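Visitor: One file is attached below, query.cif, containing mmCIF, C-alpha atoms and all ligand atoms.
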data_data
loop_
_atom_site.label_atom_id
_atom_site.label_comp_id
_atom_site.auth_asym_id
_atom_site.auth_seq_id
_atom_site.Cartn_x
_atom_site.Cartn_y
_atom_site.Cartn_z
CA MET A 23 0.00 0.00 0.00
CA ARG A 24 1.34 3.42 -0.94
CA LYS A 25 1.98 5.74 1.96
CA HIS A 26 0.84 9.35 2.07
CA VAL A 27 2.79 12.16 3.75
CA VAL A 28 1.55 15.70 4.23
CA VAL A 29 4.27 18.35 4.10
CA ILE A 30 3.38 21.69 5.68
CA GLY A 31 5.26 24.57 4.06
CA GLY A 32 6.44 25.07 0.49
CA GLY A 33 9.72 26.85 1.10
CA VAL A 34 13.19 25.38 0.55
CA ALA A 35 12.81 22.62 3.17
CA GLY A 36 9.25 21.64 2.27
CA LEU A 37 9.99 21.44 -1.45
CA GLU A 38 13.14 19.38 -0.94
CA VAL A 39 11.32 16.98 1.38
CA ALA A 40 8.40 16.66 -1.04
CA GLY A 41 10.70 15.94 -3.98
CA GLN A 42 12.78 13.31 -2.16
CA LEU A 43 9.70 11.54 -0.74
CA SER A 44 8.09 11.45 -4.15
CA LYS A 45 11.24 9.91 -5.67
CA VAL A 46 10.99 6.93 -3.32
CA GLY A 47 7.34 6.30 -4.21
CA ILE A 48 5.56 8.04 -1.35
CA ASP A 49 2.45 10.10 -2.16
CA VAL A 50 2.95 13.67 -1.07
CA SER A 51 0.57 16.55 -0.46
CA LEU A 52 2.43 19.83 -0.10
CA ILE A 53 0.56 22.57 1.69
CA GLU A 54 1.62 26.18 1.14
CA LYS A 55 -0.04 29.23 2.70
CA ASP A 56 0.97 31.59 -0.13
CA SER A 57 0.00 31.42 -3.78
CA ASN A 58 3.60 30.53 -4.75
CA THR A 59 6.17 28.11 -3.41
CA GLY A 60 9.76 29.17 -2.61
CA GLY A 61 9.23 31.14 0.60
CA HIS A 62 11.84 33.79 1.45
CA LEU A 63 13.93 32.84 -1.56
CA ASN A 64 11.41 34.72 -3.72
CA ASN A 65 12.41 37.95 -1.97
CA TRP A 66 16.18 37.54 -2.16
CA HIS A 67 18.26 38.75 -5.10
CA ARG A 68 21.64 37.10 -4.53
CA LEU A 69 22.84 34.53 -1.99
CA PHE A 70 25.94 34.41 0.21
CA PRO A 71 28.76 33.57 0.15
CA ASP A 72 29.26 33.52 -3.63
CA ARG A 73 26.58 36.07 -4.56
CA ARG A 74 24.92 33.53 -6.80
CA LYS A 75 21.52 34.63 -8.13
CA SER A 76 18.74 33.19 -5.98
CA SER A 77 16.79 32.49 -9.18
CA GLU A 78 19.21 29.60 -9.87
CA VAL A 79 18.23 27.86 -6.63
CA LYS A 80 14.60 28.78 -7.26
CA LYS A 81 14.82 27.06 -10.66
CA TYR A 82 16.00 23.84 -8.95
CA LEU A 83 13.13 24.08 -6.46
CA ASP A 84 10.53 24.83 -9.15
CA GLY A 85 11.72 21.69 -10.96
CA ILE A 86 10.73 19.62 -7.92
CA THR A 87 7.01 20.33 -8.27
CA LYS A 88 7.19 20.18 -12.07
CA ASN A 89 9.05 16.88 -12.34
CA ASN A 90 7.47 14.91 -9.51
CA ASP A 91 3.95 13.78 -8.85
CA ILE A 92 3.28 16.07 -5.89
CA LYS A 93 -0.17 17.31 -4.93
CA LEU A 94 0.42 21.01 -4.36
CA LEU A 95 -2.20 22.92 -2.37
CA THR A 96 -1.43 26.66 -2.41
CA ASP A 97 -3.27 29.42 -0.51
CA THR A 98 -3.94 26.69 2.01
CA THR A 99 -3.41 26.52 5.76
CA ILE A 100 -4.07 23.80 8.31
CA GLU A 101 -6.92 24.42 10.69
CA GLU A 102 -7.00 21.07 12.50
CA PHE A 103 -4.70 18.13 12.77
CA LYS A 104 -5.23 15.03 14.92
CA ARG A 105 -3.52 11.69 15.32
CA THR A 106 -5.79 8.65 15.58
CA ASN A 107 -4.77 4.99 15.16
CA ASN A 108 -1.46 5.68 13.40
CA HIS A 109 -3.08 8.12 10.99
CA PHE A 110 -3.39 11.87 10.88
CA SER A 111 -6.64 13.62 10.01
CA ILE A 112 -5.96 17.06 8.65
CA THR A 113 -8.49 19.81 7.84
CA THR A 114 -7.51 22.81 5.74
CA ASN A 115 -8.92 26.36 5.64
CA ARG A 116 -10.61 25.37 2.37
CA GLY A 117 -12.54 22.62 4.07
CA LYS A 118 -10.46 19.81 2.55
CA GLU A 119 -9.98 16.68 4.67
CA LEU A 120 -6.71 14.80 4.27
CA THR A 121 -5.54 11.55 5.82
CA ALA A 122 -1.80 11.00 6.17
CA ASP A 123 0.56 8.34 7.48
CA ALA A 124 3.08 10.98 8.56
CA VAL A 125 3.44 14.74 8.63
CA ILE A 126 6.51 16.86 7.99
CA VAL A 127 6.44 20.38 9.36
CA ALA A 128 8.51 22.77 7.28
CA THR A 129 6.96 26.09 8.22
CA GLY A 130 10.25 28.00 8.05
CA PHE A 131 10.91 31.33 9.74
CA ASP A 132 9.66 34.91 9.74
CA LEU A 133 12.02 37.85 9.63
CA PHE A 134 11.97 39.85 12.86
CA LYS A 135 9.53 42.76 12.46
CA SER A 136 11.94 45.67 12.64
CA ALA A 137 9.28 48.21 13.64
CA ARG A 138 9.37 46.53 17.06
CA LYS A 139 12.75 48.23 17.58
CA GLU A 140 11.26 51.72 17.65
CA GLU A 141 14.62 53.29 18.46
CA TYR A 142 15.82 52.57 14.90
CA GLY A 143 12.86 54.35 13.31
CA TYR A 144 11.77 51.70 10.82
CA GLY A 145 8.36 52.72 9.49
CA ILE A 146 8.97 56.25 10.84
CA TYR A 147 11.91 57.49 8.75
CA ASN A 148 11.76 56.74 5.02
CA ASN A 149 15.43 55.92 4.63
CA VAL A 150 15.54 53.32 7.38
CA ILE A 151 15.02 50.02 5.56
CA THR A 152 15.56 46.31 6.29
CA SER A 153 17.91 43.80 4.69
CA ALA A 154 14.85 42.37 2.86
CA ASP A 155 13.94 45.84 1.51
CA LEU A 156 17.51 46.23 0.27
CA GLU A 157 17.30 42.87 -1.56
CA LYS A 158 14.17 44.15 -3.28
CA MET A 159 16.08 47.27 -4.36
CA PHE A 160 18.86 45.08 -5.79
CA SER A 161 16.25 43.01 -7.65
CA ASN A 162 14.73 46.19 -9.09
CA ASP A 163 18.22 47.45 -9.96
CA LYS A 164 17.52 50.73 -8.16
CA ILE A 165 19.22 51.81 -4.92
CA VAL A 166 17.78 55.23 -4.15
CA LEU A 167 16.59 57.25 -1.20
CA ALA A 168 12.94 58.24 -0.72
CA ASN A 169 13.62 61.54 -2.56
CA GLY A 170 15.16 59.70 -5.54
CA ASN A 171 18.76 60.66 -4.71
CA VAL A 172 21.55 58.11 -4.58
CA PRO A 173 22.75 57.34 -1.02
CA GLU A 174 26.38 58.19 -0.31
CA ILE A 175 26.80 57.11 3.30
CA ILE A 176 25.09 53.90 4.32
CA GLY A 177 25.07 52.11 7.68
CA LEU A 178 24.16 48.48 8.29
CA VAL A 179 23.03 47.57 11.82
CA HIS A 180 23.67 43.97 12.91
CA CYS A 181 21.67 41.95 15.47
CA VAL A 182 18.27 43.60 14.94
CA GLY A 183 15.92 41.51 17.04
CA SER A 184 18.53 38.85 17.84
CA ARG A 185 20.74 38.59 20.95
CA ASP A 186 18.33 41.13 22.31
CA GLU A 187 16.74 40.78 25.73
CA LYS A 188 14.21 43.52 25.04
CA ALA A 189 12.99 41.72 21.91
CA GLY A 190 12.83 38.45 23.89
CA ASN A 191 15.34 36.77 21.57
CA PHE A 192 18.54 35.69 23.28
CA TYR A 193 19.75 33.55 20.39
CA CYS A 194 21.97 34.53 17.48
CA SER A 195 20.25 34.34 14.08
CA LYS A 196 23.54 33.10 12.65
CA LEU A 197 23.12 34.42 9.11
CA CYS A 198 22.71 38.18 9.48
CA CYS A 199 26.45 38.88 9.86
CA VAL A 200 27.23 37.21 6.54
CA THR A 201 24.15 38.82 4.94
CA ALA A 202 25.43 42.23 6.08
CA VAL A 203 28.88 41.52 4.61
CA LYS A 204 27.35 40.38 1.32
CA GLN A 205 25.06 43.40 1.11
CA ALA A 206 27.88 45.80 2.07
CA ILE A 207 29.97 44.46 -0.83
CA GLU A 208 27.02 44.71 -3.20
CA LEU A 209 26.37 48.30 -2.14
CA ARG A 210 30.01 49.23 -2.79
CA GLU A 211 29.89 47.44 -6.13
CA TYR A 212 26.62 49.10 -7.12
CA LEU A 213 27.49 52.54 -5.77
CA PRO A 214 31.29 52.85 -6.10
CA GLY A 215 31.22 56.39 -4.68
CA SER A 216 29.50 55.30 -1.46
CA LYS A 217 30.89 54.78 2.04
CA VAL A 218 29.52 51.73 3.81
CA PHE A 219 29.72 51.06 7.57
CA CYS A 220 28.72 47.89 9.43
CA PHE A 221 27.91 48.28 13.13
CA TYR A 222 28.32 44.93 14.85
CA MET A 223 28.49 43.44 18.36
CA ASP A 224 30.52 40.38 17.28
CA MET A 225 31.29 39.16 13.78
CA ARG A 226 29.97 35.61 13.53
CA MET A 227 31.23 34.25 10.25
CA GLY A 228 30.98 30.53 10.98
CA GLY A 229 30.31 29.06 7.56
CA ALA A 230 32.31 27.90 4.56
CA PHE A 231 33.84 30.95 2.79
CA TYR A 232 32.17 33.44 5.14
CA GLU A 233 35.47 34.61 6.66
CA GLU A 234 36.94 35.05 3.18
CA LEU A 235 33.97 37.22 2.25
CA TYR A 236 34.53 39.35 5.37
CA ARG A 237 38.14 39.83 4.39
CA GLU A 238 37.18 40.72 0.83
CA ALA A 239 34.69 43.31 2.14
CA GLN A 240 37.47 45.08 4.03
CA GLU A 241 40.42 44.66 1.66
CA LYS A 242 38.81 44.89 -1.76
CA TRP A 243 35.71 46.97 -1.11
CA GLY A 244 36.82 49.21 1.76
CA VAL A 245 33.78 48.48 3.95
CA SER A 246 34.32 49.87 7.48
CA PHE A 247 33.41 47.64 10.40
CA ILE A 248 32.71 49.43 13.68
CA ARG A 249 32.33 47.34 16.80
CA GLY A 250 29.46 49.00 18.58
CA LYS A 251 25.77 49.01 19.20
CA VAL A 252 23.57 51.60 17.53
CA SER A 253 21.39 52.94 20.34
CA GLU A 254 19.09 55.17 18.31
CA ALA A 255 18.43 56.84 14.99
CA SER A 256 16.71 60.16 14.37
CA GLU A 257 16.14 62.39 11.36
CA THR A 258 17.79 65.77 10.95
CA ILE A 259 16.26 68.85 9.37
CA GLU A 260 18.12 68.15 6.10
CA ASN A 261 16.64 64.61 5.97
CA LYS A 262 19.83 62.83 7.04
CA LEU A 263 19.75 60.07 9.61
CA LEU A 264 21.65 60.79 12.81
CA ILE A 265 22.72 57.68 14.69
CA LYS A 266 24.25 57.28 18.14
CA VAL A 267 26.68 54.42 18.55
CA GLU A 268 28.78 53.20 21.46
CA ASP A 269 32.09 52.33 19.80
CA THR A 270 33.15 49.52 22.11
CA LEU A 271 36.63 49.13 20.59
CA ALA A 272 37.58 52.81 20.83
CA GLY A 273 35.62 53.03 24.12
CA ARG A 274 33.79 56.23 23.20
CA PRO A 275 30.34 57.27 22.01
CA LEU A 276 29.99 58.16 18.37
CA LYS A 277 27.49 60.21 16.38
CA MET A 278 27.25 59.81 12.62
CA LYS A 279 25.14 61.26 9.84
CA LEU A 280 24.00 58.78 7.21
CA ASP A 281 21.80 58.80 4.13
CA MET A 282 20.45 55.30 4.60
CA LEU A 283 20.26 52.81 7.47
CA VAL A 284 19.78 49.10 6.78
CA LEU A 285 18.53 46.89 9.63
CA MET A 286 19.75 43.30 9.56
CA ALA A 287 16.56 41.64 10.78
CA GLY A 288 17.00 38.33 12.58
CA MET A 289 15.01 35.12 12.21
CA GLU A 290 12.07 34.09 14.39
CA MET A 291 9.68 31.15 14.56
CA SER A 292 7.06 31.85 11.88
CA ASP A 293 3.48 32.71 12.77
CA GLY A 294 2.42 29.67 10.72
CA GLY A 295 4.74 27.49 12.82
CA LYS A 296 3.28 28.87 16.06
CA LYS A 297 -0.20 27.93 14.89
CA ILE A 298 0.88 24.38 13.96
CA ALA A 299 2.63 24.01 17.33
CA GLU A 300 -0.60 24.89 19.07
CA ILE A 301 -3.02 22.76 17.09
CA GLY A 302 -0.63 19.81 16.81
CA LYS A 303 0.52 19.99 20.47
CA LEU A 304 4.13 20.19 19.30
CA LYS A 305 6.78 21.28 21.75
CA THR A 306 8.72 24.48 21.22
CA GLY A 307 11.94 25.57 22.90
CA GLU A 308 12.90 28.68 24.84
CA ASN A 309 13.66 30.35 21.52
CA ARG A 310 10.10 29.49 20.38
CA PHE A 311 11.33 27.38 17.41
CA PHE A 312 10.16 23.73 17.34
CA ALA A 313 12.03 21.67 19.91
CA ALA A 314 13.74 18.56 18.53
CA ASN A 315 13.52 15.28 20.39
CA ASP A 316 17.30 15.17 20.60
CA ASN A 317 19.58 17.97 19.44
CA HIS A 318 22.34 15.61 18.31
CA PHE A 319 20.67 12.61 16.71
CA GLY A 320 17.00 13.48 16.52
CA SER A 321 16.82 17.03 15.22
CA ASN A 322 14.04 16.08 12.77
CA VAL A 323 11.97 14.18 15.33
CA SER A 324 9.09 15.82 17.24
CA ASN A 325 7.38 14.89 20.49
CA VAL A 326 4.40 13.49 18.50
CA LYS A 327 4.94 10.11 16.85
CA GLY A 328 4.80 10.42 13.06
CA VAL A 329 5.45 14.20 12.98
CA PHE A 330 8.88 15.33 11.77
CA TYR A 331 10.59 18.67 11.23
CA ALA A 332 12.58 20.00 8.32
CA GLY A 333 14.59 23.21 8.07
CA THR A 334 14.40 26.59 9.74
CA CYS A 335 11.27 25.86 11.75
CA THR A 336 13.73 24.34 14.25
CA ALA A 337 16.55 26.95 14.20
CA PRO A 338 18.23 29.50 11.91
CA MET A 339 19.92 27.67 9.01
CA ASN A 340 21.36 28.63 5.65
CA ILE A 341 20.09 27.06 2.42
CA THR A 342 22.75 24.32 2.35
CA GLU A 343 21.93 23.31 5.92
CA THR A 344 18.20 23.51 5.22
CA ILE A 345 18.46 21.11 2.28
CA SER A 346 20.58 18.68 4.33
CA HIS A 347 18.10 18.88 7.22
CA ALA A 348 15.21 18.26 4.81
CA ARG A 349 16.94 15.18 3.39
CA ALA A 350 17.57 13.91 6.93
CA ALA A 351 13.84 14.32 7.64
CA VAL A 352 13.10 12.11 4.63
CA VAL A 353 15.36 9.37 6.05
CA GLU A 354 13.49 9.57 9.38
CA VAL A 355 10.10 9.31 7.64
CA ILE A 356 11.18 6.36 5.48
CA ASP A 357 12.39 4.60 8.62
CA TYR A 358 9.16 5.41 10.44
CA LEU A 359 6.94 4.19 7.60
CA LYS A 360 9.18 1.16 6.97
CA VAL A 361 9.02 1.91 3.26
CA GLY A 362 10.45 -0.99 1.22
CA GLU A 363 9.82 -3.57 3.95
CA ASN A 364 6.32 -4.52 2.93
S1 LIG B 1 24.71 36.47 13.00
FE1 LIG B 1 25.71 38.38 13.57
S2 LIG B 1 24.12 39.92 13.22
FE2 LIG B 1 23.08 37.96 13.31
S3 LIG B 1 22.45 37.77 15.43
FE3 LIG B 1 24.41 36.71 15.20
S4 LIG B 1 25.96 38.19 15.78
FE4 LIG B 1 24.05 39.33 15.39
#
Could you write out this file's structure as structure tokens?
Ligand code: SF4

Guide:
Amino acid sequence: MRKHVVVIGGGVAGLEVAGQLSKVGIDVSLIEKDSNTGGHLNNWHRLFPDRRKSSEVKKYLDGITKNNDIKLLTDTTIEEFKRTNNHFSITTNRGKELTADAVIVATGFDLFKSARKEEYGYGIYNNVITSADLEKMFSNDKIVLANGNVPEIIGLVHCVGSRDEKAGNFYCSKLCCVTAVKQAIELREYLPGSKVFCFYMDMRMGGAFYEELYREAQEKWGVSFIRGKVSEASETIENKLLIKVEDTLAGRPLKMKLDMLVLMAGMEMSDGGKKIAEIGKLKTGENRFFAANDNHFGSNVSNVKGVFYAGTCTAPMNITETISHARAAVVEVIDYLKVGEN
């Protein structure tokens, strides 16, 4: 008898899981809340560390739903999900009833809502933007200020909503340092006359070729890295942004005028994930991401038998790690369903 797995979330992890399950002969229903699959990748122009176009990865992911027999349900959310006699009964917002042998949760992450850090003025001052807004500008091939002028002095603020007691997020989002370095290089490349400053607490460049990128940013592109926390931003009468920074290396406070401020928003458990946690009685950790059964050898396994996790719904991960985690989830599901044994 063919097995049926419901995958919740059509981002990188969900698509990879769906494709791999389909290849081994498992029926898959892939549930996506938006009208398109691809998740955050749709909003990113280029990827670190090699500044490859995200459309190349998107093409690979689009091929998964095109080339495999996957039942894709877009604009769909889960309203109810219960386990009875080794089966899951799932009800969607469109009134569809599904029965599954296993469920994979791949609800991904949400970017921290930068307006919560009022002191940086996102949503108040036009030229305070987020890393995601900047990606959109790169995609549109237009880096300009609200008045149409080209920015000359640009600041990037690290750790927005991460490692932040006030925001309730003690953890490090792991990828915003390298994103800042990538975007700083791209800004210098795009606007050769600009000056770009990164304000960081610690540089966490713990991935393959991240450190090299950091070095390139300084040596080739002249990006300035200032160790210090931006405490606030305000707007001057001539529409510049005035920021106050505690330069912790020089040990003195600093005031700077900028044209544009880019907030490196961290990663949080998605709202969709929170809803699934509640209706599925799935455990979450202190950081509010899904809690794995065992951090070392069970990072795909949930507290509910037959429910597995894939990707950034469990912790911040880059795309490479997300795909590996998704493939590991597939191995767990195959083992659970004993596919190939009967
Ligand atoms: S990766 Fe860097 S910017 Fe992001 S939370 Fe960690 S230290 Fe802060």

Visitor: Would you mind listing the residues within 8 Å of ligand LIG 1 (chain B), counting only C-alpha atoms and all ligand atoms, as a list in words?

Guide: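 I would give the residues around ligand LIG 1 (chain B) as Val179, His180, Cys181, Val182, Gly183, Ser184, Arg185, Tyr193, Cys194, Ser195, Lys196, Leu197, Cys198, Cys199, Val200, Ala202, Tyr222, Met223, Asp224, Met225, Arg226, Met227, Met286, Ala287 and Gly288 of chain A.
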
Visitor: Just to confirm, what's the straight-line distance from atom CA of A:Ala348 to atom CA of A:Ser161 in Å (one decimal)?

Guide: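 That distance, rounded to one decimal, is 27.7 Å.
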
Visitor: With all atoms listed in the file counted, which protein, DNA or RNA residues have an atom no more than 12 Å from (15.8, 31.9, -8.4) in the file frame? Please answer as a compact mmCIF listing (two decimals) with C-alpha atoms, in the coordinates of the input.

Guide:
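point.txt written:
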# COMPACT_ATOMS: atom_id res chain seq x y z
CA VAL A 34 13.19 25.38 0.55
CA THR A 59 6.17 28.11 -3.41
CA GLY A 60 9.76 29.17 -2.61
CA GLY A 61 9.23 31.14 0.60
CA HIS A 62 11.84 33.79 1.45
CA LEU A 63 13.93 32.84 -1.56
CA ASN A 64 11.41 34.72 -3.72
CA ASN A 65 12.41 37.95 -1.97
CA TRP A 66 16.18 37.54 -2.16
CA HIS A 67 18.26 38.75 -5.10
CA ARG A 68 21.64 37.10 -4.53
CA LEU A 69 22.84 34.53 -1.99
CA ARG A 74 24.92 33.53 -6.80
CA LYS A 75 21.52 34.63 -8.13
CA SER A 76 18.74 33.19 -5.98
CA SER A 77 16.79 32.49 -9.18
CA GLU A 78 19.21 29.60 -9.87
CA VAL A 79 18.23 27.86 -6.63
CA LYS A 80 14.60 28.78 -7.26
CA LYS A 81 14.82 27.06 -10.66
CA TYR A 82 16.00 23.84 -8.95
CA LEU A 83 13.13 24.08 -6.46
CA ASP A 84 10.53 24.83 -9.15
CA GLY A 85 11.72 21.69 -10.96
CA SER A 161 16.25 43.01 -7.65

Visitor: Determine, counting only C-alpha atoms, which protein, DNA and RNA residues have an atom within 7 Å of an atom of A:Ala255; residues of the same chain fewer than 3 positions away are not included. Present the result as an MDAnalysis selection string.

Guide: chainID A and resid 141:143 263:266

Visitor: Report as a list in words all protein, DNA and RNA residues lying within 7 Å of stretch 307-311 of chain A, evaluated on all atoms listed in the file, omitting residues in the same chain fewer than 3 positions from it.

Guide: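 Neighbouring residues, sequence-local ones excluded: Asn191, Tyr193, Met291, Cys335, Thr336 and Ala337 of chain A.
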
Visitor: From the list A:Tyr144, A:Tyr212, A:Tyr232, A:Phe70, which residue is nearest A:Glu174 when using all atoms listed in the file?

Guide: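 The shortest atom-to-atom distance to A:Glu174 comes from A:Tyr212.
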
Visitor: Give me, please, the distance in Å between atom CA of A:Ile92 and atom CA of A:Val50, quoted to one decimal.

Guide: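 Going from atom CA of A:Ile92 over to atom CA of A:Val50, I get 5.4 Å.
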
Visitor: Of the candidates A:Thr201, A:Thr99, A:Thr342, A:Asn115, which shows the shortest atom-to-atom distance to A:Asp293, using all atoms listed in the file?

Guide: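 The closest residue to A:Asp293 is A:Thr99.
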
Visitor: Contacts of A:Ser321 at 9 Å or less, counting only C-alpha atoms, minus same-chain residues fewer than 4 places along, as a list in words?

Guide: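 In the requested format, the answer is Ala313, Ala314, Asn315, Asp316, Asn317, Phe330, Tyr331, Ala332, Thr336, His347, Ala350 and Ala351 of chain A.
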
Visitor: Do a neighbour search on A:Asp269 at 12 Å with only C-alpha atoms, toss out local chain neighbours closer than 5 positions, and write the hits as a PDB file with C-alpha atoms, in the coordinates of the input.

Guide:
ATOM      1  CA  CYS A 220      28.720  47.890   9.430  1.00  0.00           C
ATOM      2  CA  PHE A 221      27.910  48.280  13.130  1.00  0.00           C
ATOM      3  CA  TYR A 222      28.320  44.930  14.850  1.00  0.00           C
ATOM      4  CA  MET A 223      28.490  43.440  18.360  1.00  0.00           C
ATOM      5  CA  PHE A 247      33.410  47.640  10.400  1.00  0.00           C
ATOM      6  CA  ILE A 248      32.710  49.430  13.680  1.00  0.00           C
ATOM      7  CA  ARG A 249      32.330  47.340  16.800  1.00  0.00           C
ATOM      8  CA  GLY A 250      29.460  49.000  18.580  1.00  0.00           C
ATOM      9  CA  LYS A 251      25.770  49.010  19.200  1.00  0.00           C
ATOM     10  CA  VAL A 252      23.570  51.600  17.530  1.00  0.00           C
ATOM     11  CA  SER A 253      21.390  52.940  20.340  1.00  0.00           C
ATOM     12  CA  ARG A 274      33.790  56.230  23.200  1.00  0.00           C
ATOM     13  CA  PRO A 275      30.340  57.270  22.010  1.00  0.00           C
ATOM     14  CA  LEU A 276      29.990  58.160  18.370  1.00  0.00           C
ATOM     15  CA  LYS A 277      27.490  60.210  16.380  1.00  0.00           C
ATOM     16  CA  MET A 278      27.250  59.810  12.620  1.00  0.00           C
TER      17      MET A 278
END

Visitor: Between atom CA of A:Arg73 and atom CA of A:Leu209, what distance in Å does the model show, to one decimal?

Guide: 12.5 Å

Visitor: Determine the nearest neighbour of A:Ala206 from the options A:Gly190, A:Gly244, A:Gly229, A:Gly170, counting only C-alpha atoms.

Guide: A:Gly244

Visitor: Kindly indicate which residue among A:Leu235, A:Val355, A:Met339, A:Leu95 lies nearest to A:Val127, using all atoms listed in the file for the distances.

Guide: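 Nearest to A:Val127: A:Val355.
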